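Peer 1: Pasting entry35.cif below, which is mmCIF, C-alpha atoms.
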data_upload
#
loop_
_atom_site.label_atom_id
_atom_site.label_comp_id
_atom_site.auth_asym_id
_atom_site.auth_seq_id
_atom_site.Cartn_x
_atom_site.Cartn_y
_atom_site.Cartn_z
CA MET A 29 -26.63 -18.29 12.65
CA SER A 30 -30.16 -17.18 13.63
CA ASN A 31 -30.54 -13.86 15.43
CA THR A 32 -33.65 -14.96 17.36
CA GLY A 33 -32.98 -14.45 21.06
CA ARG A 34 -29.29 -14.19 20.39
CA ILE A 35 -27.28 -12.06 22.80
CA ILE A 36 -24.26 -10.35 21.24
CA HIS A 37 -21.62 -8.59 23.32
CA ILE A 38 -20.41 -5.64 21.32
CA THR A 39 -17.26 -3.93 22.57
CA VAL A 40 -16.70 -0.50 21.11
CA TYR A 41 -13.47 1.40 21.62
CA ARG A 42 -14.73 4.78 22.80
CA PHE A 43 -12.75 7.99 22.59
CA ASP A 44 -13.56 11.59 23.37
CA PRO A 45 -10.54 13.79 22.69
CA ASP A 46 -11.72 16.31 25.28
CA GLN A 47 -11.73 13.73 28.07
CA ASP A 48 -9.69 10.67 27.14
CA SER A 49 -5.98 10.22 26.57
CA LYS A 50 -6.54 7.04 24.55
CA PRO A 51 -9.46 4.85 23.39
CA TYR A 52 -10.98 2.56 26.00
CA PRO A 53 -13.34 -0.42 25.52
CA ALA A 54 -17.02 -0.24 26.46
CA THR A 55 -19.10 -3.40 26.15
CA TYR A 56 -22.81 -3.45 25.35
CA GLU A 57 -25.12 -6.43 25.55
CA VAL A 58 -27.47 -6.48 22.58
CA ASP A 59 -30.36 -8.85 21.97
CA ALA A 60 -30.14 -9.24 18.19
CA SER A 61 -33.88 -9.88 17.90
CA HIS A 62 -34.54 -6.37 19.26
CA CYS A 63 -32.62 -4.72 16.44
CA ARG A 64 -34.60 -3.25 13.55
CA GLY A 65 -32.56 -5.06 10.95
CA VAL A 66 -30.06 -7.88 10.63
CA MET A 67 -26.88 -5.90 10.09
CA LEU A 68 -24.18 -4.74 12.49
CA LEU A 69 -25.24 -1.14 11.87
CA ASP A 70 -28.69 -2.02 13.23
CA ALA A 71 -27.06 -3.23 16.45
CA LEU A 72 -25.14 0.06 16.71
CA GLU A 73 -28.40 1.96 16.15
CA TYR A 74 -29.95 -0.12 18.92
CA ILE A 75 -27.11 0.75 21.30
CA LYS A 76 -27.44 4.45 20.49
CA SER A 77 -31.24 4.43 20.84
CA HIS A 78 -31.60 2.23 23.92
CA LEU A 79 -28.32 1.81 25.77
CA ASP A 80 -26.00 4.77 25.27
CA GLU A 81 -26.95 7.82 23.28
CA THR A 82 -23.41 9.21 23.50
CA LEU A 83 -22.03 6.50 21.19
CA SER A 84 -20.88 8.18 17.97
CA PHE A 85 -20.55 6.71 14.49
CA ARG A 86 -21.19 7.78 10.92
CA ARG A 87 -23.97 6.32 8.81
CA SER A 88 -26.11 7.34 5.90
CA CYS A 89 -27.45 5.08 3.14
CA ASN A 90 -27.59 1.84 5.14
CA GLU A 91 -26.88 -0.25 2.04
CA GLY A 92 -23.16 -0.14 1.31
CA VAL A 93 -23.25 2.73 -1.15
CA CYS A 94 -22.25 5.86 0.78
CA GLY A 95 -19.21 4.35 2.53
CA SER A 96 -19.84 6.27 5.75
CA ASP A 97 -19.69 3.47 8.29
CA GLY A 98 -16.29 1.97 7.62
CA MET A 99 -14.85 0.55 10.83
CA ASN A 100 -12.63 -2.19 12.13
CA ILE A 101 -14.81 -5.21 12.93
CA ASN A 102 -13.08 -7.95 14.92
CA GLY A 103 -9.74 -6.87 13.45
CA LYS A 104 -10.83 -6.49 9.84
CA ASN A 105 -12.07 -3.32 8.18
CA GLY A 106 -15.58 -3.37 6.75
CA LEU A 107 -18.88 -1.57 6.48
CA ALA A 108 -21.23 -2.06 9.43
CA CYS A 109 -24.32 -1.67 7.21
CA ILE A 110 -23.54 -4.69 5.02
CA THR A 111 -22.02 -6.91 7.71
CA PRO A 112 -24.74 -9.35 8.82
CA LEU A 113 -24.87 -10.00 12.56
CA ALA A 114 -25.30 -13.65 11.61
CA SER A 115 -21.79 -13.63 10.14
CA LEU A 116 -20.27 -12.43 13.42
CA PRO A 117 -19.46 -14.38 16.61
CA ASP A 118 -21.22 -13.58 19.88
CA LYS A 119 -18.40 -11.25 20.89
CA VAL A 120 -17.71 -8.39 18.53
CA THR A 121 -15.00 -5.76 18.93
CA LEU A 122 -15.32 -2.51 17.02
CA ARG A 123 -12.56 0.02 16.58
CA SER A 124 -12.30 3.11 14.41
CA LEU A 125 -10.46 2.72 11.09
CA PRO A 126 -6.78 2.03 11.97
CA SER A 127 -4.23 4.81 11.49
CA PHE A 128 -6.82 7.53 10.93
CA PRO A 129 -7.00 10.28 13.57
CA ILE A 130 -10.06 9.73 15.78
CA ILE A 131 -12.57 12.53 16.08
CA ARG A 132 -14.83 10.61 18.44
CA ASP A 133 -15.54 6.91 19.04
CA LEU A 134 -15.89 5.33 15.58
CA ILE A 135 -15.71 8.63 13.68
CA VAL A 136 -12.34 9.35 12.08
CA ASP A 137 -10.79 12.38 10.43
CA MET A 138 -10.78 11.67 6.67
CA THR A 139 -8.97 14.90 5.67
CA ARG A 140 -5.68 13.26 4.75
CA PHE A 141 -7.48 10.49 2.87
CA TYR A 142 -9.43 13.03 0.79
CA LYS A 143 -6.25 15.01 0.08
CA GLN A 144 -4.71 11.89 -1.42
CA TYR A 145 -7.92 11.32 -3.39
CA GLU A 146 -7.69 14.90 -4.67
CA ARG A 147 -4.16 14.15 -5.94
CA ALA A 148 -5.68 11.52 -8.24
CA ASP A 149 -7.45 14.30 -10.22
CA PRO A 150 -10.63 12.22 -10.11
CA TYR A 151 -12.36 13.78 -13.10
CA LEU A 152 -12.18 13.47 -16.87
CA GLN A 153 -9.59 15.63 -18.61
CA ASN A 154 -9.43 15.93 -22.36
CA THR A 155 -7.55 18.38 -24.56
CA GLY A 156 -9.65 17.54 -27.62
CA ASP A 157 -12.44 19.71 -28.95
CA ALA A 158 -15.57 19.53 -26.87
CA PRO A 159 -18.19 17.36 -28.57
CA ALA A 160 -21.59 18.78 -29.46
CA LYS A 161 -23.27 16.67 -26.83
CA GLU A 162 -21.11 14.12 -25.02
CA ARG A 163 -18.04 11.93 -25.46
CA LEU A 164 -19.19 8.50 -26.53
CA GLN A 165 -17.78 5.16 -25.45
CA SER A 166 -18.14 1.75 -27.02
CA PRO A 167 -19.35 -1.06 -24.74
CA GLU A 168 -15.80 -2.48 -24.87
CA GLU A 169 -14.28 0.82 -23.75
CA ARG A 170 -16.86 1.15 -21.00
CA SER A 171 -16.18 -2.39 -19.77
CA LYS A 172 -12.58 -1.39 -18.97
CA LEU A 173 -13.93 0.65 -16.08
CA ASP A 174 -15.53 -2.36 -14.42
CA GLY A 175 -13.80 -3.17 -11.15
CA LEU A 176 -12.54 0.41 -10.91
CA TYR A 177 -15.49 2.81 -10.92
CA GLU A 178 -17.38 1.07 -8.09
CA CYS A 179 -15.16 2.48 -5.32
CA ILE A 180 -17.26 4.30 -2.70
CA LEU A 181 -14.32 5.89 -0.84
CA CYS A 182 -15.11 4.18 2.45
CA ALA A 183 -11.34 4.09 3.21
CA CYS A 184 -11.44 0.48 4.41
CA CYS A 185 -8.59 -0.39 2.02
CA THR A 186 -6.39 2.62 2.69
CA SER A 187 -6.80 2.22 6.44
CA ALA A 188 -5.71 -1.43 6.18
CA CYS A 189 -2.59 -0.66 4.14
CA PRO A 190 0.74 -0.79 6.04
CA SER A 191 2.43 1.43 3.44
CA TYR A 192 -0.20 4.08 4.12
CA TRP A 193 0.28 3.69 7.88
CA TRP A 194 3.98 4.53 7.54
CA ASN A 195 3.74 7.30 4.93
CA PRO A 196 0.19 8.69 4.82
CA ASP A 197 1.45 12.06 3.63
CA LYS A 198 3.43 10.70 0.67
CA PHE A 199 1.92 7.36 -0.41
CA MET A 200 -1.47 7.95 -2.01
CA GLY A 201 -2.96 4.74 -0.71
CA PRO A 202 -4.97 2.05 -2.50
CA ALA A 203 -8.24 3.98 -2.82
CA ALA A 204 -6.71 7.05 -4.47
CA LEU A 205 -4.58 4.86 -6.75
CA LEU A 206 -7.63 2.85 -7.76
CA TRP A 207 -9.12 6.16 -8.89
CA VAL A 208 -5.97 6.95 -10.84
CA ALA A 209 -6.35 3.59 -12.58
CA ARG A 210 -10.02 4.31 -13.23
CA PHE A 211 -9.26 7.53 -15.13
CA LEU A 212 -6.25 6.06 -16.93
CA ALA A 213 -8.57 3.33 -18.21
CA ASP A 214 -11.21 5.79 -19.42
CA SER A 215 -11.20 6.26 -23.20
CA ARG A 216 -12.68 9.75 -22.78
CA ASP A 217 -9.60 10.98 -20.87
CA ASN A 218 -6.34 11.83 -22.65
CA TYR A 219 -4.24 13.07 -19.72
CA GLU A 220 -2.37 9.79 -19.34
CA ASN A 221 1.08 11.40 -19.47
CA GLU A 222 0.22 14.05 -16.92
CA ARG A 223 -1.38 11.51 -14.62
CA LEU A 224 1.65 9.21 -14.80
CA GLU A 225 4.08 12.12 -14.48
CA ALA A 226 2.50 12.97 -11.12
CA LEU A 227 3.33 9.47 -9.84
CA GLN A 228 7.03 9.44 -10.78
CA ASP A 229 8.43 9.83 -7.28
CA ALA A 230 9.40 6.93 -5.03
CA PHE A 231 6.38 7.22 -2.73
CA SER A 232 3.07 8.18 -4.38
CA LEU A 233 2.61 4.94 -6.33
CA TYR A 234 5.70 2.84 -5.74
CA ARG A 235 5.47 2.54 -1.97
CA CYS A 236 2.84 -0.18 -2.48
CA ARG A 237 4.44 -3.48 -1.41
CA SER A 238 1.53 -5.63 -2.70
CA VAL A 239 0.54 -6.73 0.80
CA MET A 240 -3.00 -7.20 -0.62
CA ASN A 241 -4.83 -6.07 2.54
CA CYS A 242 -6.73 -3.65 0.31
CA ALA A 243 -8.23 -6.42 -1.81
CA ASP A 244 -8.88 -8.52 1.28
CA VAL A 245 -11.01 -5.89 3.03
CA CYS A 246 -12.72 -4.03 0.17
CA PRO A 247 -16.46 -4.27 0.91
CA LYS A 248 -17.23 -3.84 -2.81
CA GLY A 249 -14.99 -6.76 -3.79
CA LEU A 250 -12.56 -4.56 -5.74
CA ASN A 251 -8.85 -5.20 -6.14
CA PRO A 252 -6.84 -1.99 -5.70
CA ALA A 253 -3.57 -3.96 -5.63
CA LYS A 254 -4.21 -5.20 -9.17
CA ALA A 255 -5.15 -1.67 -10.26
CA ILE A 256 -1.86 -0.41 -8.80
CA ALA A 257 0.05 -3.15 -10.64
CA ASP A 258 -1.70 -2.12 -13.88
CA VAL A 259 -0.71 1.53 -13.35
CA ARG A 260 2.89 0.41 -12.75
CA HIS A 261 2.93 -1.58 -15.96
CA ARG A 262 1.53 1.41 -17.81
CA MET A 263 4.25 3.56 -16.24
CA LEU A 264 6.90 1.04 -17.30
CA ASP A 265 5.53 0.98 -20.87
CA GLU A 266 5.68 4.76 -21.07
CA SER A 267 9.12 5.00 -19.41
CA THR A 268 11.03 2.41 -21.42
CA MET B 3 7.53 16.14 -4.02
CA VAL B 4 11.09 17.02 -3.01
CA ARG B 5 13.53 14.36 -4.14
CA ASN B 6 15.19 12.45 -1.31
CA ILE B 7 18.92 12.76 -2.06
CA LEU B 8 19.75 9.61 -0.08
CA ALA B 9 17.55 7.52 -2.38
CA LEU B 10 19.39 5.69 -5.17
CA THR B 11 17.53 7.31 -8.06
CA GLY B 12 14.57 9.15 -6.54
CA SER B 13 12.40 7.78 -9.33
CA GLY B 14 9.81 5.22 -8.33
CA VAL B 15 9.79 3.37 -11.63
CA ARG B 16 13.60 3.32 -11.87
CA ASP B 17 14.04 2.00 -8.32
CA TRP B 18 11.28 -0.55 -8.94
CA LEU B 19 12.86 -1.78 -12.16
CA ILE B 20 16.42 -1.83 -10.79
CA GLN B 21 15.33 -3.83 -7.75
CA ARG B 22 13.64 -6.47 -9.87
CA VAL B 23 16.38 -6.76 -12.50
CA THR B 24 19.12 -6.94 -9.85
CA ALA B 25 17.12 -9.56 -7.92
CA LEU B 26 16.95 -11.73 -11.03
CA LEU B 27 20.66 -11.28 -11.73
CA ILE B 28 21.60 -12.17 -8.14
CA LEU B 29 19.30 -15.21 -8.25
CA ALA B 30 20.83 -16.43 -11.52
CA TYR B 31 24.35 -15.91 -10.11
CA VAL B 32 23.58 -17.83 -6.91
CA ILE B 33 22.04 -20.70 -8.89
CA THR B 34 25.11 -20.80 -11.14
CA LEU B 35 27.49 -20.83 -8.16
CA VAL B 36 25.53 -23.55 -6.35
CA THR B 37 25.38 -25.64 -9.53
CA TYR B 38 29.15 -25.27 -9.99
CA VAL B 39 29.84 -26.26 -6.38
CA VAL B 40 27.53 -29.29 -6.61
CA GLN B 41 28.98 -30.43 -9.93
CA HIS B 42 32.57 -30.14 -8.65
CA ALA B 43 32.00 -31.66 -5.22
CA PRO B 44 34.17 -32.02 -3.25
CA LEU B 45 35.32 -28.58 -4.37
CA THR B 46 39.05 -28.00 -4.23
CA TYR B 47 40.75 -24.63 -3.88
CA ALA B 48 42.35 -25.17 -7.28
CA ALA B 49 38.98 -25.64 -9.01
CA TRP B 50 37.51 -22.63 -7.19
CA HIS B 51 40.53 -20.52 -8.12
CA GLN B 52 40.34 -21.63 -11.73
CA PHE B 53 36.64 -20.72 -11.86
CA PHE B 54 37.19 -17.19 -10.58
CA ALA B 55 40.32 -16.67 -12.65
CA CYS B 56 38.14 -16.70 -15.75
CA HIS B 57 37.59 -13.16 -17.06
CA VAL B 58 33.92 -13.73 -17.80
CA VAL B 59 33.33 -14.82 -14.19
CA LYS B 60 35.19 -11.76 -12.94
CA ILE B 61 33.10 -9.42 -15.07
CA VAL B 62 29.86 -11.15 -14.09
CA THR B 63 30.86 -11.11 -10.41
CA THR B 64 31.59 -7.39 -10.68
CA LEU B 65 28.14 -6.86 -12.13
CA ILE B 66 26.63 -8.91 -9.30
CA LEU B 67 28.52 -6.94 -6.65
CA LEU B 68 27.10 -3.75 -8.14
CA SER B 69 23.66 -5.37 -8.24
CA VAL B 70 23.88 -6.20 -4.55
CA VAL B 71 24.83 -2.60 -3.73
CA TRP B 72 21.96 -1.17 -5.77
CA HIS B 73 19.44 -3.72 -4.53
CA ALA B 74 20.37 -3.32 -0.87
CA TRP B 75 20.54 0.49 -1.14
CA ILE B 76 16.99 0.70 -2.48
CA GLY B 77 15.72 -1.93 -0.05
CA MET B 78 17.28 -0.45 3.06
CA TRP B 79 16.29 3.10 2.09
CA THR B 80 12.72 1.85 1.71
CA VAL B 81 12.81 0.11 5.09
CA PHE B 82 14.26 3.19 6.80
CA THR B 83 11.77 5.59 5.23
CA ASP B 84 8.96 3.28 6.37
CA TYR B 85 9.99 2.57 9.92
CA ILE B 86 12.51 5.16 11.13
CA LYS B 87 10.68 8.41 11.65
CA PRO B 88 13.30 10.58 13.50
CA ARG B 89 14.94 12.26 10.53
CA MET B 90 18.45 12.53 11.95
CA LEU B 91 18.52 8.86 12.97
CA ARG B 92 17.23 7.89 9.52
CA ARG B 93 19.93 9.95 7.79
CA VAL B 94 22.68 8.43 9.93
CA LEU B 95 21.42 4.89 9.32
CA THR B 96 21.00 5.40 5.57
CA VAL B 97 24.45 6.95 5.15
CA SER B 98 25.96 4.18 7.29
CA VAL B 99 24.39 1.53 5.09
CA ILE B 100 25.58 3.27 1.90
CA ILE B 101 29.14 3.51 3.26
CA TYR B 102 29.04 -0.13 4.37
CA LEU B 103 27.77 -1.25 0.95
CA PHE B 104 30.52 0.64 -0.87
CA TYR B 105 33.13 -0.72 1.52
CA ASN B 106 31.93 -4.22 0.63
CA LEU B 107 31.92 -3.36 -3.06
CA VAL B 108 35.53 -2.18 -3.00
CA TRP B 109 36.57 -5.18 -0.91
CA GLY B 110 34.74 -7.55 -3.26
CA LEU B 111 36.26 -5.98 -6.37
CA ASP B 112 39.71 -6.16 -4.79
CA LEU B 113 39.21 -9.86 -4.07
CA VAL B 114 37.80 -10.75 -7.46
CA TRP B 115 40.31 -8.85 -9.55
CA SER B 116 43.36 -9.92 -7.49
CA ILE B 117 42.88 -13.58 -8.45
#
So that I can check it, write out the structure of this file as structure tokens.
Peer 2:
Amino acid sequence: MSNTGRIIHITVYRFDPDQDSKPYPATYEVDASHCRGVMLLDALEYIKSHLDETLSFRRSCNEGVCGSDGMNINGKNGLACITPLASLPDKVTLRSLPSFPIIRDLIVDMTRFYKQYERADPYLQNTGDAPAKERLQSPEERSKLDGLYECILCACCTSACPSYWWNPDKFMGPAALLWVARFLADSRDNYENERLEALQDAFSLYRCRSVMNCADVCPKGLNPAKAIADVRHRMLDEST
Amino acid sequence: MVRNILALTGSGVRDWLIQRVTALLILAYVITLVTYVVQHAPLTYAAWHQFFACHVVKIVTTLILLSVVWHAWIGMWTVFTDYIKPRMLRRVLTVSVIIYLFYNLVWGLDLVWSI
């Protein structure tokens, strides 16, 4: 769909905790040809620059790398900066990431999400002697990280996960578990037992019900549900 | 994380494995029963009685009754810990389900082993 002369009605659920008891919709009429680029983020920038400077949202790299502008776009989580306006209908509804506490408008509190990420111990751990320079990997060993290391922590997957909605304090969520899988798969890490031991309880890993929303919404095309299944199989191998 | 004492095992991998193994056992049992009923249609009380009088069937049925208790315990505990947030209500519901499951187990064992 061409953006030339196209009018898009963008409804944003606004929320200011100091003034509002709950989010309310505000609709903006945007001429797509007036936006500086062709992505949804450009339309939001247009609204902020020309229509309503109080509209709040996060953004940074503008190319799907930083993961700052995760939001719910017409009912599905995604990144505004890599969502082409041409892929959207003339009426667009934007909400903050579901289940995350709202700080303001489209900005959510990521504290709980980062705490779960921290539980994944997202760094290499190795009890072996430190090498003179660096720990080497063969191309085959390195290829095992493909599909795992690309996560940008945008939280689109975790925010779309029903198991995380019900138990955000106990279930680590798809993003954090993808990171667990990433370090379990790394040949330079030998903390497999410790990493698995930390997931023994009934919630942290096993509350995943394979709903697959995570894989459906991941803007990087990753599959956290498969990574979780792989961790479970690894756990089963070690436990039996 | 503090272990939930109303959970069957409290171990994620154990619950996960038990639920899958018990599901397969229950499925195999149901298929066997349905096959028997179809093969012996119209089923008479005498044929049904003879089937359950067999010791192997009694032992297998006992195993299946236990499987149902374990499977339902894990499943209902999971549902309650997802959806029922008031702790006292959740405890009451979970304990009620556990009592109900054991009542059914005892009743089922009584039926099976009295034939």
Peer 1: Translate the PyMOL selection byres ((chain B) within 7 of (chain A)) into a concrete residue list for this structure, as number ranges by chain.
Peer 2: B: 12-15, 84-85
Peer 1: Rounded to one decimal in Å, what is the spacing between atom CA of B:Leu103 and atom CA of B:Gly77?
Peer 2: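 Computing the Euclidean distance for atom CA of B:Leu103 and atom CA of B:Gly77 yields 12.1 Å.
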Peer 1: Which of these, A:Lys76, A:His37, A:Arg223, A:Arg42, has the shortest distance to A:Asp59 once you count all atoms listed in the file?
Peer 2: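 Result for the nearest residue to A:Asp59: A:His37.
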Peer 1: How many Å separate atom CA of B:Val32 from atom CA of B:Val114?
Peer 2: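 These atoms are spaced 15.9 Å apart.
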Peer 1: Give me the residues near A:Asp70 as a PyMOL selection string, where near means some atom within 9 Å (using all atoms listed in the file) and where sequence neighbours in that chain fewer than 5 positions away do not count.
Peer 2: chain A and resi 60+63-65+75+108-109+113
Peer 1: In Å to one decimal, how far is atom CA of A:Lys248 from atom CA of A:Cys89?
Peer 2: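 Distance reported for this atom pair: 14.8 Å.
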Peer 1: Rank nothing, just name the residue among A:Lys172, A:Arg123, A:Arg210, A:Arg262 nearest to A:Tyr41, using only C-alpha atoms.
Peer 2: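 Using only C-alpha atoms, A:Tyr41 sits closest to A:Arg123.
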Peer 1: Leaving out A:Pro196 and any residue of its chain fewer than 6 positions from it, which residues lie within 9 Å of it when counting only C-alpha atoms, given as a list in words?
Peer 2: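 Final neighbour list, sorted by chain and number: Ser127, Arg140, Phe141 and Gln144 of chain A.
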Peer 1: Would you kindly translate the PyMOL selection byres ((chain A and resi 93) around 10) into the concrete residues it picks from this file, as a list of chain:residue names?
Peer 2: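 Answer for the PyMOL selection byres ((chain A and resi 93) around 10): A:Ser88, A:Cys89, A:Asn90, A:Glu91, A:Gly92, A:Cys94, A:Gly95, A:Ser96, A:Leu107, A:Cys109, A:Ile110, A:Glu178, A:Cys179, A:Ile180, A:Leu181, A:Cys182, A:Pro247, A:Lys248.
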Peer 1: For A:Asp44, which of A:Glu57, A:Phe128, A:Ser84, A:Asp133 is the closest residue, counting only C-alpha atoms?
Peer 2: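 Under the stated criterion, the closest residue is A:Asp133.
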Peer 1: Counting all atoms listed in the file, which residue out of A:Ala209, A:Asn102, A:Pro202, A:Leu83 sits closest to A:Arg237?
Peer 2: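 Among the listed residues, A:Pro202 lies closest to A:Arg237.
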Peer 1: If we count only C-alpha atoms, what is near stretch 97-102 of chain B at a cut-off of 8 Å, once residues fewer than 5 positions away on the same chain are taken out, given as a PyMOL selection string?
Peer 2: chain B and resi 8+75+78
Peer 1: Hey, what comes out of the PyMOL selection byres ((chain A and resi 250) around 12) on this file? Could you write it as a VMD selection string?
Peer 2: chain A and resid 173 to 181 184 to 185 202 to 203 206 to 207 210 240 to 249 251 to 256
Peer 1: I need the chosen residues saved as a PDB file, in the coordinates of the input, with C-alpha atoms.
Peer 2:
ATOM      1  CA  LEU A 173     -13.930   0.650 -16.080  1.00  0.00           C
ATOM      2  CA  ASP A 174     -15.530  -2.360 -14.420  1.00  0.00           C
ATOM      3  CA  GLY A 175     -13.800  -3.170 -11.150  1.00  0.00           C
ATOM      4  CA  LEU A 176     -12.540   0.410 -10.910  1.00  0.00           C
ATOM      5  CA  TYR A 177     -15.490   2.810 -10.920  1.00  0.00           C
ATOM      6  CA  GLU A 178     -17.380   1.070  -8.090  1.00  0.00           C
ATOM      7  CA  CYS A 179     -15.160   2.480  -5.320  1.00  0.00           C
ATOM      8  CA  ILE A 180     -17.260   4.300  -2.700  1.00  0.00           C
ATOM      9  CA  LEU A 181     -14.320   5.890  -0.840  1.00  0.00           C
ATOM     10  CA  CYS A 184     -11.440   0.480   4.410  1.00  0.00           C
ATOM     11  CA  CYS A 185      -8.590  -0.390   2.020  1.00  0.00           C
ATOM     12  CA  PRO A 202      -4.970   2.050  -2.500  1.00  0.00           C
ATOM     13  CA  ALA A 203      -8.240   3.980  -2.820  1.00  0.00           C
ATOM     14  CA  LEU A 206      -7.630   2.850  -7.760  1.00  0.00           C
ATOM     15  CA  TRP A 207      -9.120   6.160  -8.890  1.00  0.00           C
ATOM     16  CA  ARG A 210     -10.020   4.310 -13.230  1.00  0.00           C
ATOM     17  CA  MET A 240      -3.000  -7.200  -0.620  1.00  0.00           C
ATOM     18  CA  ASN A 241      -4.830  -6.070   2.540  1.00  0.00           C
ATOM     19  CA  CYS A 242      -6.730  -3.650   0.310  1.00  0.00           C
ATOM     20  CA  ALA A 243      -8.230  -6.420  -1.810  1.00  0.00           C
ATOM     21  CA  ASP A 244      -8.880  -8.520   1.280  1.00  0.00           C
ATOM     22  CA  VAL A 245     -11.010  -5.890   3.030  1.00  0.00           C
ATOM     23  CA  CYS A 246     -12.720  -4.030   0.170  1.00  0.00           C
ATOM     24  CA  PRO A 247     -16.460  -4.270   0.910  1.00  0.00           C
ATOM     25  CA  LYS A 248     -17.230  -3.840  -2.810  1.00  0.00           C
ATOM     26  CA  GLY A 249     -14.990  -6.760  -3.790  1.00  0.00           C
ATOM     27  CA  ASN A 251      -8.850  -5.200  -6.140  1.00  0.00           C
ATOM     28  CA  PRO A 252      -6.840  -1.990  -5.700  1.00  0.00           C
ATOM     29  CA  ALA A 253      -3.570  -3.960  -5.630  1.00  0.00           C
ATOM     30  CA  LYS A 254      -4.210  -5.200  -9.170  1.00  0.00           C
ATOM     31  CA  ALA A 255      -5.150  -1.670 -10.260  1.00  0.00           C
ATOM     32  CA  ILE A 256      -1.860  -0.410  -8.800  1.00  0.00           C
TER      33      ILE A 256
END
